[in-house]
Each structure stands twice: as structure tokens, then as C-alpha cells.
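Pasting structure12.cif here (mmCIF, C-alpha atoms):
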```
data_run
#
loop_
_atom_site.label_atom_id
_atom_site.label_comp_id
_atom_site.auth_asym_id
_atom_site.auth_seq_id
_atom_site.Cartn_x
_atom_site.Cartn_y
_atom_site.Cartn_z
CA MET A 22 -0.83 27.27 35.77
CA LYS A 23 -0.85 25.31 32.50
CA ARG A 24 -4.26 24.50 31.07
CA TYR A 25 -5.15 21.83 28.52
CA LYS A 26 -8.60 21.12 27.21
CA ILE A 27 -10.78 18.43 25.76
CA ILE A 28 -14.06 18.96 23.95
CA ILE A 29 -17.32 17.12 24.59
CA SER A 30 -19.59 17.38 21.57
CA GLY A 31 -22.59 15.59 20.11
CA PRO A 32 -26.11 16.23 18.84
CA PHE A 33 -28.85 18.05 20.75
CA ALA A 34 -29.84 16.26 24.01
CA ALA A 35 -27.22 13.51 23.61
CA GLY A 36 -26.04 13.86 27.23
CA LYS A 37 -23.03 16.19 26.95
CA THR A 38 -23.89 18.39 29.93
CA THR A 39 -24.60 15.32 32.10
CA PHE A 40 -21.32 13.71 31.01
CA ILE A 41 -19.33 16.78 32.14
CA LYS A 42 -21.29 17.08 35.41
CA THR A 43 -20.45 13.44 36.19
CA ILE A 44 -16.68 13.82 35.81
CA SER A 45 -15.97 17.46 36.72
CA GLU A 46 -14.49 18.22 40.14
CA ILE A 47 -16.24 21.59 40.24
CA ALA A 48 -19.86 22.56 40.00
CA MET A 49 -20.19 22.96 36.29
CA VAL A 50 -20.45 26.36 34.66
CA GLU A 51 -23.45 26.12 32.33
CA THR A 52 -24.77 28.46 29.68
CA ASP A 53 -28.18 26.85 29.25
CA ARG A 54 -31.13 28.84 27.97
CA LYS A 55 -34.78 27.90 27.61
CA VAL A 56 -35.38 26.05 24.33
CA THR A 57 -37.35 28.17 21.88
CA ASP A 58 -37.55 25.74 18.95
CA SER A 59 -40.88 23.89 19.25
CA GLU A 60 -39.51 20.49 18.13
CA GLU A 61 -36.51 20.75 20.44
CA SER A 62 -38.61 21.87 23.41
CA ALA A 63 -40.49 18.57 23.18
CA VAL A 64 -37.17 16.86 24.02
CA LYS A 65 -35.86 19.11 26.80
CA ASP A 66 -36.57 22.51 28.33
CA PHE A 67 -33.06 23.98 28.43
CA THR A 68 -30.17 23.77 25.97
CA THR A 69 -26.51 24.78 25.94
CA VAL A 70 -26.04 27.89 23.79
CA ALA A 71 -22.36 28.72 24.28
CA MET A 72 -20.54 26.04 26.25
CA ASP A 73 -20.44 23.95 29.40
CA PHE A 74 -17.31 24.00 31.46
CA GLY A 75 -15.82 21.44 33.85
CA ARG A 76 -12.37 20.93 35.35
CA ILE A 77 -10.00 18.22 36.58
CA THR A 78 -6.93 19.46 38.47
CA ILE A 79 -3.80 17.35 38.09
CA ASP A 80 -1.43 19.18 40.43
CA GLY A 81 -0.54 22.71 41.42
CA GLU A 82 0.76 23.43 37.92
CA THR A 83 -1.56 21.74 35.46
CA VAL A 84 -5.27 21.43 34.95
CA LEU A 85 -7.60 19.85 32.40
CA HIS A 86 -10.53 21.93 31.24
CA ILE A 87 -13.55 20.15 29.79
CA PHE A 88 -15.66 22.16 27.38
CA GLY A 89 -19.06 21.03 26.15
CA THR A 90 -20.28 22.42 22.84
CA PRO A 91 -23.84 23.28 21.87
CA GLY A 92 -25.42 20.42 19.93
CA GLN A 93 -27.30 22.28 17.23
CA PHE A 94 -25.64 22.89 13.87
CA ARG A 95 -26.66 26.57 13.97
CA PHE A 96 -24.16 27.06 16.80
CA ASN A 97 -21.28 25.53 14.82
CA TYR A 98 -19.29 28.77 14.99
CA MET A 99 -18.82 27.87 18.68
CA TRP A 100 -17.44 24.43 17.73
CA SER A 101 -14.65 26.11 15.72
CA ILE A 102 -13.83 28.47 18.58
CA LEU A 103 -13.86 25.80 21.29
CA VAL A 104 -11.82 23.21 19.38
CA LYS A 105 -8.81 25.51 19.03
CA ASP A 106 -5.88 23.99 20.97
CA ALA A 107 -7.95 21.05 22.22
CA ILE A 108 -5.96 17.85 22.82
CA GLY A 109 -8.89 15.50 22.22
CA ILE A 110 -12.59 15.30 21.38
CA ILE A 111 -15.40 13.07 22.63
CA ILE A 112 -18.56 12.93 20.51
CA ILE A 113 -21.55 11.67 22.48
CA VAL A 114 -24.42 9.95 20.68
CA ASP A 115 -27.73 8.95 22.29
CA SER A 116 -28.19 5.26 21.42
CA GLY A 117 -31.98 5.61 21.42
CA GLU A 118 -32.20 8.59 19.05
CA VAL A 119 -31.50 7.13 15.62
CA GLU A 120 -32.64 10.32 13.89
CA THR A 121 -29.74 12.25 15.48
CA PHE A 122 -27.07 9.93 14.01
CA GLU A 123 -26.86 12.01 10.84
CA ASP A 124 -26.18 15.15 12.93
CA ALA A 125 -23.56 13.20 14.89
CA SER A 126 -21.98 12.08 11.65
CA ASP A 127 -21.86 15.69 10.43
CA MET A 128 -20.17 16.70 13.69
CA LEU A 129 -17.66 13.88 13.41
CA ASN A 130 -16.80 14.97 9.86
CA PHE A 131 -16.62 18.60 10.98
CA PHE A 132 -14.06 17.83 13.68
CA ARG A 133 -12.10 15.39 11.49
CA VAL A 134 -11.76 18.13 8.88
CA LYS A 135 -11.13 20.97 11.31
CA THR A 136 -8.61 19.37 13.64
CA ASP A 137 -5.91 16.77 13.81
CA CYS A 138 -6.58 15.76 17.41
CA PRO A 139 -7.74 12.27 18.49
CA ILE A 140 -11.51 11.63 18.59
CA VAL A 141 -13.57 9.04 20.51
CA VAL A 142 -17.29 8.41 19.98
CA ALA A 143 -19.28 7.61 23.14
CA LEU A 144 -22.51 5.66 22.66
CA ASN A 145 -24.67 6.92 25.53
CA HIS A 146 -27.33 4.50 26.73
CA PHE A 147 -30.22 6.31 28.37
CA LYS A 148 -32.34 4.13 30.66
CA ASP A 149 -35.57 2.73 29.14
CA LYS A 150 -34.58 3.73 25.64
CA GLU A 151 -34.03 1.39 22.73
CA LYS A 152 -30.34 0.58 22.46
CA ILE A 153 -28.24 -0.05 19.40
CA SER A 154 -24.86 -1.75 19.36
CA VAL A 155 -21.45 -0.21 18.77
CA GLU A 156 -21.24 -2.09 15.44
CA GLU A 157 -24.63 -0.73 14.31
CA LEU A 158 -23.60 2.83 15.21
CA ARG A 159 -20.29 2.42 13.42
CA GLU A 160 -22.11 1.33 10.28
CA ASP A 161 -24.87 3.97 10.54
CA MET A 162 -22.42 6.83 11.06
CA ASN A 163 -19.73 5.40 8.77
CA ILE A 164 -17.16 5.75 11.58
CA PRO A 165 -13.66 4.80 10.41
CA PRO A 166 -11.93 1.95 12.29
CA GLU A 167 -9.25 4.21 13.77
CA ILE A 168 -11.88 6.12 15.78
CA PRO A 169 -12.86 4.12 18.90
CA VAL A 170 -16.55 3.79 19.80
CA VAL A 171 -17.16 3.20 23.52
CA GLU A 172 -20.45 2.44 25.25
CA CYS A 173 -21.29 4.60 28.24
CA GLU A 174 -23.95 5.92 30.57
CA ALA A 175 -23.43 9.64 31.10
CA THR A 176 -24.81 9.53 34.66
CA ASP A 177 -22.43 6.76 35.76
CA LYS A 178 -19.00 7.91 36.92
CA GLU A 179 -17.13 4.66 36.14
CA SER A 180 -18.64 4.61 32.67
CA VAL A 181 -17.69 8.25 31.98
CA LYS A 182 -14.18 7.57 33.33
CA ASN A 183 -13.85 4.67 30.88
CA VAL A 184 -14.65 6.96 27.93
CA LEU A 185 -12.20 9.58 29.14
CA LEU A 186 -9.48 6.98 29.67
CA THR A 187 -10.04 5.63 26.14
CA LEU A 188 -9.49 9.14 24.78
CA LEU A 189 -6.39 9.67 26.94
CA GLN A 190 -4.87 6.35 25.82
CA LEU A 191 -5.56 7.38 22.21
CA ILE A 192 -3.87 10.75 22.83
CA LEU A 193 -0.86 8.85 24.24
CA THR A 194 -0.54 6.80 21.05
CA GLN A 195 -1.73 9.27 18.39
CA GLY A 196 -1.66 12.72 19.95
CA ASP A 197 0.82 15.51 19.41
CA LEU A 198 2.88 15.01 22.59
CA TYR A 199 6.28 16.23 23.68
CA ASP A 200 8.65 15.21 26.49
CA MET B 19 11.48 3.49 3.49
CA LEU B 20 11.19 5.34 0.20
CA GLU B 21 10.84 9.12 0.47
CA GLY B 22 11.11 12.06 -1.88
CA SER B 23 9.64 14.96 -3.79
CA LEU B 24 7.08 14.63 -6.58
CA LYS B 25 9.31 17.04 -8.51
CA ASP B 26 11.95 14.31 -8.75
CA PHE B 27 9.61 11.35 -9.24
CA SER B 28 6.15 11.63 -10.76
CA LEU B 29 3.35 9.99 -8.80
CA ASP B 30 2.95 7.48 -11.67
CA GLU B 31 6.60 6.44 -11.21
CA VAL B 32 6.18 6.04 -7.45
CA LEU B 33 3.05 3.93 -7.96
CA GLN B 34 4.89 1.75 -10.48
CA MET B 35 7.79 1.22 -8.07
CA VAL B 36 5.46 0.09 -5.30
CA SER B 37 3.36 -2.01 -7.65
CA LEU B 38 6.19 -3.75 -9.54
CA GLY B 39 8.09 -4.30 -6.30
CA GLU B 40 4.92 -5.94 -4.88
CA LYS B 41 5.39 -3.86 -1.73
CA THR B 42 3.15 -3.89 1.33
CA GLY B 43 2.72 -0.73 3.40
CA GLU B 44 1.40 2.81 3.27
CA LEU B 45 2.21 5.54 0.78
CA VAL B 46 1.89 8.92 2.50
CA LEU B 47 1.19 11.77 0.09
CA GLU B 48 0.98 15.50 0.69
CA GLY B 49 0.80 18.33 -1.80
CA GLU B 50 -1.18 20.53 -4.14
CA THR B 51 -4.07 19.38 -6.32
CA ALA B 52 -6.35 21.33 -8.64
CA ILE B 53 -8.74 21.72 -5.70
CA GLY B 54 -6.25 22.80 -3.05
CA LYS B 55 -3.88 21.10 -0.62
CA LYS B 56 -4.42 17.41 0.07
CA SER B 57 -2.74 14.84 2.25
CA GLY B 58 -3.50 11.22 2.89
CA LYS B 59 -2.39 7.61 2.63
CA ILE B 60 -2.74 4.84 0.08
CA TYR B 61 -2.45 1.32 1.52
CA PHE B 62 -0.84 -1.40 -0.59
CA GLU B 63 -0.77 -5.16 -0.12
CA ASN B 64 1.73 -7.00 -2.32
CA GLY B 65 1.78 -4.05 -4.71
CA ILE B 66 -2.03 -3.92 -5.05
CA VAL B 67 -4.02 -0.94 -3.73
CA LYS B 68 -6.14 -1.99 -0.75
CA ASP B 69 -7.52 1.27 0.66
CA ALA B 70 -6.89 5.02 0.77
CA GLU B 71 -7.75 7.85 3.11
CA THR B 72 -7.50 11.62 3.33
CA GLU B 73 -8.35 13.70 6.40
CA GLU B 74 -11.93 13.67 5.19
CA VAL B 75 -12.79 10.56 3.20
CA ARG B 76 -11.79 6.94 2.55
CA GLY B 77 -11.77 4.49 -0.31
CA GLU B 78 -12.10 5.27 -3.99
CA VAL B 79 -13.25 8.83 -3.25
CA ALA B 80 -9.99 9.44 -1.36
CA ILE B 81 -7.68 7.88 -3.92
CA VAL B 82 -9.16 9.93 -6.77
CA GLU B 83 -8.22 13.09 -4.84
CA LEU B 84 -4.77 11.79 -3.82
CA LEU B 85 -3.81 10.69 -7.32
CA ASN B 86 -4.29 14.27 -8.47
CA ILE B 87 -1.49 15.55 -6.23
CA ARG B 88 1.20 17.09 -8.40
CA ASP B 89 3.54 19.29 -6.36
CA GLY B 90 4.31 17.66 -3.08
CA THR B 91 6.06 14.89 -1.23
CA PHE B 92 5.72 11.13 -0.86
CA LYS B 93 6.89 8.60 1.69
CA PHE B 94 6.42 4.85 1.44
CA VAL B 95 6.50 3.11 4.82
CA PRO B 96 6.60 -0.71 4.68
CA ARG B 97 4.24 -2.20 7.26
CA ASP B 98 1.66 -4.91 7.72
CA VAL B 99 -1.74 -3.72 6.48
CA GLY B 100 -3.75 -6.67 7.78
CA ASP B 101 -5.73 -4.24 9.96
CA ILE B 102 -6.87 -2.26 6.91
CA LYS B 103 -10.20 -3.26 5.35
CA ARG B 104 -10.15 -3.58 1.55
CA SER B 105 -12.26 -0.83 -0.01
CA ILE B 106 -10.66 -0.60 -3.46
CA ASN B 107 -10.74 -3.34 -6.06
CA LYS B 108 -9.37 -1.51 -9.10
CA SER B 109 -5.90 -1.88 -10.63
CA ILE B 110 -3.45 1.03 -10.47
CA PRO B 111 -3.80 1.87 -14.20
CA ASP B 112 -7.61 1.92 -13.82
CA LEU B 113 -7.35 4.19 -10.75
CA VAL B 114 -4.94 6.56 -12.51
CA LEU B 115 -7.30 6.67 -15.50
CA LEU B 116 -10.26 7.36 -13.21
CA ALA B 117 -8.41 10.18 -11.40
CA THR B 118 -7.29 11.71 -14.71
CA SER B 119 -10.83 11.62 -16.14
CA LYS B 120 -12.19 13.32 -13.00
CA LEU B 121 -9.56 16.04 -13.36
CA ASP B 122 -10.53 16.50 -17.02
CA GLU B 123 -14.16 16.87 -15.98
CA TRP B 124 -13.15 19.41 -13.33
CA ASN B 125 -11.27 21.46 -15.94
CA ARG B 126 -14.42 21.49 -18.06
CA VAL B 127 -16.83 22.52 -15.25
CA LYS B 128 -14.58 25.31 -13.90
CA ASN B 129 -16.19 27.91 -16.16
CA ARG B 130 -19.50 27.52 -14.27
CA VAL B 131 -18.27 26.27 -10.87
CA ALA B 132 -15.31 28.45 -10.03
CA SER B 133 -14.13 26.68 -6.91
CA VAL B 134 -14.81 23.74 -4.62
CA ASP B 135 -15.55 26.39 -2.00
CA SER B 136 -18.28 27.96 -4.18
CA THR B 137 -21.72 28.46 -2.64
CA PHE B 138 -24.98 28.51 -4.59
CA LYS B 139 -28.51 29.83 -4.42
CA LEU B 140 -31.64 28.24 -5.80
CA SER B 141 -32.82 30.13 -8.83
CA THR B 142 -36.17 29.02 -10.18
CA ASP B 143 -37.02 32.02 -12.39
CA GLU B 144 -35.71 30.59 -15.63
CA VAL B 145 -36.10 26.86 -15.03
CA PRO B 146 -37.31 25.02 -18.15
CA GLU B 147 -40.86 23.72 -17.89
CA GLU B 148 -39.88 20.11 -17.35
CA ILE B 149 -36.62 18.74 -16.10
CA THR B 150 -35.53 15.29 -14.98
CA LEU B 151 -33.14 14.84 -12.11
CA THR B 152 -31.59 11.61 -10.82
CA PRO B 153 -31.79 10.82 -7.09
CA LEU B 154 -28.12 11.81 -6.79
CA ASP B 155 -28.82 15.15 -8.54
CA TRP B 156 -31.58 15.76 -5.98
CA LYS B 157 -29.27 15.02 -3.07
CA VAL B 158 -26.62 17.42 -4.39
CA LEU B 159 -29.24 20.07 -5.19
CA SER B 160 -30.73 19.78 -1.72
CA LEU B 161 -27.37 20.39 -0.03
CA LEU B 162 -26.10 23.13 -2.36
CA GLY B 163 -29.50 24.84 -2.06
CA LYS B 164 -29.03 24.91 1.72
CA GLY B 165 -25.71 26.75 1.39
CA TYR B 166 -23.27 23.84 1.48
CA THR B 167 -20.16 24.30 -0.66
CA VAL B 168 -19.14 21.70 -3.26
CA ARG B 169 -16.46 20.47 -0.84
CA GLU B 170 -18.90 20.20 2.09
CA ALA B 171 -21.57 18.46 0.00
CA ALA B 172 -18.98 15.96 -1.28
CA LEU B 173 -17.95 15.17 2.27
CA LYS B 174 -21.53 14.67 3.40
CA LEU B 175 -22.46 12.47 0.44
CA ASN B 176 -19.14 10.57 0.43
CA MET B 177 -18.54 11.61 -3.20
CA THR B 178 -15.51 13.14 -4.84
CA VAL B 179 -15.57 16.94 -5.15
CA PHE B 180 -15.18 16.38 -8.89
CA ASP B 181 -18.44 14.43 -9.09
CA VAL B 182 -20.34 17.00 -7.01
CA ALA B 183 -18.88 19.85 -9.08
CA LYS B 184 -19.99 18.07 -12.26
CA ILE B 185 -23.58 17.79 -10.98
CA ALA B 186 -23.44 21.42 -9.80
CA TYR B 187 -22.29 22.36 -13.30
CA GLY B 188 -25.36 20.65 -14.76
CA LEU B 189 -27.69 22.32 -12.27
CA VAL B 190 -26.19 25.75 -13.03
CA ALA B 191 -26.53 25.05 -16.76
CA LEU B 192 -30.21 24.20 -16.17
CA LYS B 193 -30.49 27.51 -14.25
CA ILE B 194 -31.79 25.74 -11.14
CA LEU B 195 -28.76 26.97 -9.22
CA ARG B 196 -26.65 30.06 -9.54
CA GLU B 197 -23.25 30.61 -8.00
CA ALA B 198 -23.57 32.96 -5.03
CA GLY B 199 -19.99 33.35 -3.88
CA GLU B 200 -17.17 31.53 -2.24
CA LYS B 201 -16.60 30.60 1.36
CA ASN B 202 -13.23 31.61 2.65
CA PRO B 203 -11.02 28.54 2.06
CA GLN B 204 -9.15 29.53 5.21
CA ASP B 205 -12.23 28.38 7.13
CA ASP B 206 -11.26 24.84 6.16
CA THR B 207 -7.73 25.10 7.45
CA ILE B 208 -6.96 22.25 9.81
CA VAL B 209 -6.48 23.50 13.35
CA LYS B 210 -3.17 22.01 14.45
CA THR B 211 -3.17 21.14 18.12
CA LYS B 212 -0.40 22.63 20.23
CA GLY B 213 -0.04 19.27 21.89
CA ALA B 214 0.65 18.50 25.52
CA PRO B 215 3.51 17.06 27.58
CA ARG B 216 3.49 13.26 27.72
CA THR B 217 3.85 13.46 31.50
CA PHE B 218 0.64 15.50 31.72
CA ILE B 219 -1.35 12.78 29.93
CA THR B 220 0.12 9.98 32.07
CA LYS B 221 -0.59 11.98 35.26
CA LEU B 222 -4.12 12.67 34.02
CA ILE B 223 -4.70 8.96 33.36
CA GLU B 224 -3.60 8.16 36.92
CA ARG B 225 -5.79 10.97 38.29
CA VAL B 226 -8.91 9.77 36.42
CA LYS B 227 -8.29 6.16 37.49
CA ARG B 228 -8.09 7.29 41.15
CA GLU B 229 -11.28 9.39 40.85
#
```
Would you write out, as C-alpha cells, the structure that this file holds?
Amino acid sequence: MKRYKIIISGPFAAGKTTFIKTISEIAMVETDRKVTDSEESAVKDFTTVAMDFGRITIDGETVLHIFGTPGQFRFNYMWSILVKDAIGIIIIVDSGEVETFEDASDMLNFFRVKTDCPIVVALNHFKDKEKISVEELREDMNIPPEIPVVECEATDKESVKNVLLTLLQLILTQGDLYD
Amino acid sequence: MLEGSLKDFSLDEVLQMVSLGEKTGELVLEGETAIGKKSGKIYFENGIVKDAETEEVRGEVAIVELLNIRDGTFKFVPRDVGDIKRSINKSIPDLVLLATSKLDEWNRVKNRVASVDSTFKLSTDEVPEEITLTPLDWKVLSLLGKGYTVREAALKLNMTVFDVAKIAYGLVALKILREAGEKNPQDDTIVKTKGAPRTFITKLIERVKRE
């Protein structure tokens, strides 16, 4: 069985775990632990400390693994480990959490420096939260034009599929592929 | 397409060829600089520099690093650059002069800032009674004090490593910072993807569409 992987990354509580749950064909393997940081616990109770894991089977011979990274910078050693041999990266940003854009920008720079694989930024719109536009996010995070920014809702399957398809099309045009 | 080694043609000569020929396209550069390996592209429109990028940065910051490549290769690929946004408005001689002056500064600061991978610690024991720092000095100090290397701070602040190193040099001279070591440059090695079969990606696209 040949396995390929993509990475889902983004700041704390951006919607990475939800994104993987929405698209994975298996019940996701999670490594969430209770949040101990007082500021972070005000946002959510549990956080990913090692990785999330989802899967999409193509046929009897090949499978796509989807790994979600922890969002906090202190776990960045896991980002380096998980990104090895990845074929693409999706960075999820919560459109209502402007204060996390700097962290997202740091992550984007981290992956741009560490890898040569295609990257897509997904602007996740949580319900009832203030939304910003793709153009505003691009400007705030200083995202270069060659990196696509796609709007999404991590709980909506069609929306998550659209992000994944954008990444796959980018891999087709820019990725390191062989016949 | 124009392709070769920077041993046979200096970068100045290549730039002149593209400029005098009023060429439009991208100049791909890869090689060694005073701060390690660099690769990137300089975009030209009718022989005038329009934009530049490395793996990490764009614009003037990128071109300063690329113009310091000495041992390496170049490849000029003619193409339409209408999709590239202009970020550089300086002439080639001005850019070369800027890159050379940054390199000169780097050579001067090397005795206090050994490497772009150097890390620092705050050291307030011998700080003079009163010092004045610019907002940019503060930004650099704040990042280097947190353990960022010169290279990482430059990336975060969208500055050249030369400019960050120069500020670090000043802060070390003022005894606000002291060099604490060097991060393993290997940590910054780009992870090359193994890639995937084209058929896998096309099958995956079909599979996701069907989902």
C-alpha cells in the first residue's frame, strides 16, 4: 500500500480538527488534551498536542493520509516532523480571530522556508463571527499571489472539498510529480 | 533561454545582458552567498527589474540577497511577466550598489555577529544609563531577545538579514544583547518532497469530487 500525505495546519482553534473530521472517511484519530494555558482555555477546552489523523482511500494500492498539526508555536517541532514527505499543505485561518493572523503568517513562513510543496490558505468562516475578506487576509498576512486563499466553512463537506481540490489542482501544476 | 555558470559570467554581466537587451522574463539564480545558499528569481520587464523573490521573501529584500550570489548558476527564461506585481523601482546599478553596500556592512558586523544563525540573550548588567533605540531597533531587540536568530527575525520583519545583523551588531555593542550560540543551520534545510505519481493526484481529485 502506497501512502501519501497532506498537512492541515493553522493557529490555535482555527478549525483544523473539524476540517479533517469533515473530509476523513474514518473516525479521526485525535491526540487532544485538556488545555492548561489559561488564555487558551477561554477559547476551547481541548487542544491537539501531537497530531490529528484522517484518511481517504483511493484504491486497493494507494491512500491519502491527512495529518493535522498542533496550532501553538511551542509545538513547532511537530510541524517539522509531520511535514516531511508531505505533498501539500493547507493552512487554516479563523476569519473572526484577527489576533491569530500573525501566528498564521509565522506558520506560512515556516512552511515556505521548510518545504517546497504547494500551500493553500483556507479562510474559515465560523458562524456568528465577524468575517474578513480574502483580500483583507492576503494583505494582513502578506500572502504572496502564488499562494491561493480559499474561503471555507470547516463543518461543511462541500466547502472542505473545495479547499482540498484547490490544493490538488495546485499540486498538479506546481507539485513534484512523476509519471 | 540563456543559461550558465556564474564562474563563466559574473552576475553583473548577466544583469547587463538582460538590461541592455531589454528582455522580459525571469532570471533564476541559485548559489552561495556570504550568508549561505540562496535561490530565487528576478523578474524583468523590458530590461527593467520588476520584482524578485527567494523561498522566503519578495521585493527589494529578496533582490539584495540574490545579487550577493557569487558561486552558482543562472538561467534566464523569457516569459510574460504581466502577472507579476511591481515591487522594485530602482535601476540595476542602484540595486547592485545597494547589495554591495549591504555586503560591506555584513563584513563589518561579522566580528560581533558571527552568523545569520546566531542566537542572543538579553544582557542588562552593563547597559549604559540611558540609551535611545528606534522603533525598528526595538522590534529587532524584541525578537532576538526571544531567541529568534538573525535569519528568523529578518523573515518575520520582512528585512534583509544584513539589516537585522547590523542592528544586532549595535545592540551587542551597547551590551544589551550578547551572542548565545548558533542554531544548527541544517535546521533550515528545505525539506524536498518525494513527490507523487500524477495518476494518484488525478485519481484523488476524482475521488474527492465523488465524495
Find, counting only C-alpha atoms, the residue in B:Gln34, B:Ser57, B:Thr51, B:Ser141 that gets nearest to chain A.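 Selected residue with least distance to chain A: B:Ser57.
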Please check which residues have atoms at most 6 Å from (5.5, -4.6, 5.0) in the file's coordinates, counting only C-alpha atoms, and write them as a list in words.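 The residues that fall inside the cut-off are Thr42, Gly43, Pro96, Arg97 and Asp98 of chain B.
Between atom CA of B:Ser28 and atom CA of B:Leu45 lies a distance of 13.6 Å.
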What is the atom CA of B:Asp89-atom CA of B:Val46 distance in Å, reported with one decimal?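 Atom-to-atom, atom CA of B:Asp89 to atom CA of B:Val46, that is 13.7 Å.
Interatomic distance, atom CA of B:Ala171 against atom CA of B:Ile60: 23.2 Å.
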Expected answer as a VMD selection string: chain A residues within 7 Å of chain B, all atoms listed in the file: chain A and resid 79 105 to 108 130 133 to 138 182 186 189 193 197 to 200
For the provided coordinates, the residues matched by the PyMOL selection byres ((chain B and resi 128-134) around 8) should be stated as a ChimeraX atom specification. /B:53,124-127,135-136,167-169,179,183,186-187,190-191,197,200
I'd like the contact shell of stretch 111-121 of chain A - 8 Å cut-off, only C-alpha atoms, skipping same-chain residues fewer than 3 positions apart - returned as a PyMOL selection string. chain A and resi 27-37+124-125+128-129+140-147+150-153+188
Given the file above and the PyMOL selection byres ((chain B and resi 94) around 6), which residues are selected, and can you give them as JSON, numbers by chain? {"B": [19, 20, 44, 45, 93, 95]}
Just say which residues the PyMOL selection byres ((chain A and resi 159) around 12) picks in this file, as number ranges by chain. A: 114, 116, 122-123, 125-126, 129, 141-144, 153-158, 160-172
In the coordinate frame of the file, compute which residues have an atom within 12 Å of (-6.4, 2.3, -12.2) when using only C-alpha atoms, and state them as a list in words. Asp30, Leu33, Gln34, Ser37, Ile66, Val67, Glu78, Ile81, Val82, Leu85, Ile106, Asn107, Lys108, Ser109, Ile110, Pro111, Asp112, Leu113, Val114, Leu115, Leu116, Ala117, Thr118 and Ser119 of chain B
Distance query B:Thr150 at most 12 Å, all atoms listed in the file, self and fewer than 3 positions along chain excluded, as a list of chain:residue names: B:Val145, B:Pro146, B:Glu147, B:Pro153, B:Leu154, B:Asp155, B:Trp156, B:Gly188, B:Leu189, B:Leu192, B:Ile194
Keeping only C-alpha atoms, take the residues you just selected and write them out as a PDB file, keeping the file's coordinate frame.
```pdb
ATOM      1  CA  VAL B 145     -36.100  26.860 -15.030  1.00  0.00           C
ATOM      2  CA  PRO B 146     -37.310  25.020 -18.150  1.00  0.00           C
ATOM      3  CA  GLU B 147     -40.860  23.720 -17.890  1.00  0.00           C
ATOM      4  CA  PRO B 153     -31.790  10.820  -7.090  1.00  0.00           C
ATOM      5  CA  LEU B 154     -28.120  11.810  -6.790  1.00  0.00           C
ATOM      6  CA  ASP B 155     -28.820  15.150  -8.540  1.00  0.00           C
ATOM      7  CA  TRP B 156     -31.580  15.760  -5.980  1.00  0.00           C
ATOM      8  CA  GLY B 188     -25.360  20.650 -14.760  1.00  0.00           C
ATOM      9  CA  LEU B 189     -27.690  22.320 -12.270  1.00  0.00           C
ATOM     10  CA  LEU B 192     -30.210  24.200 -16.170  1.00  0.00           C
ATOM     11  CA  ILE B 194     -31.790  25.740 -11.140  1.00  0.00           C
TER      12      ILE B 194
END
```
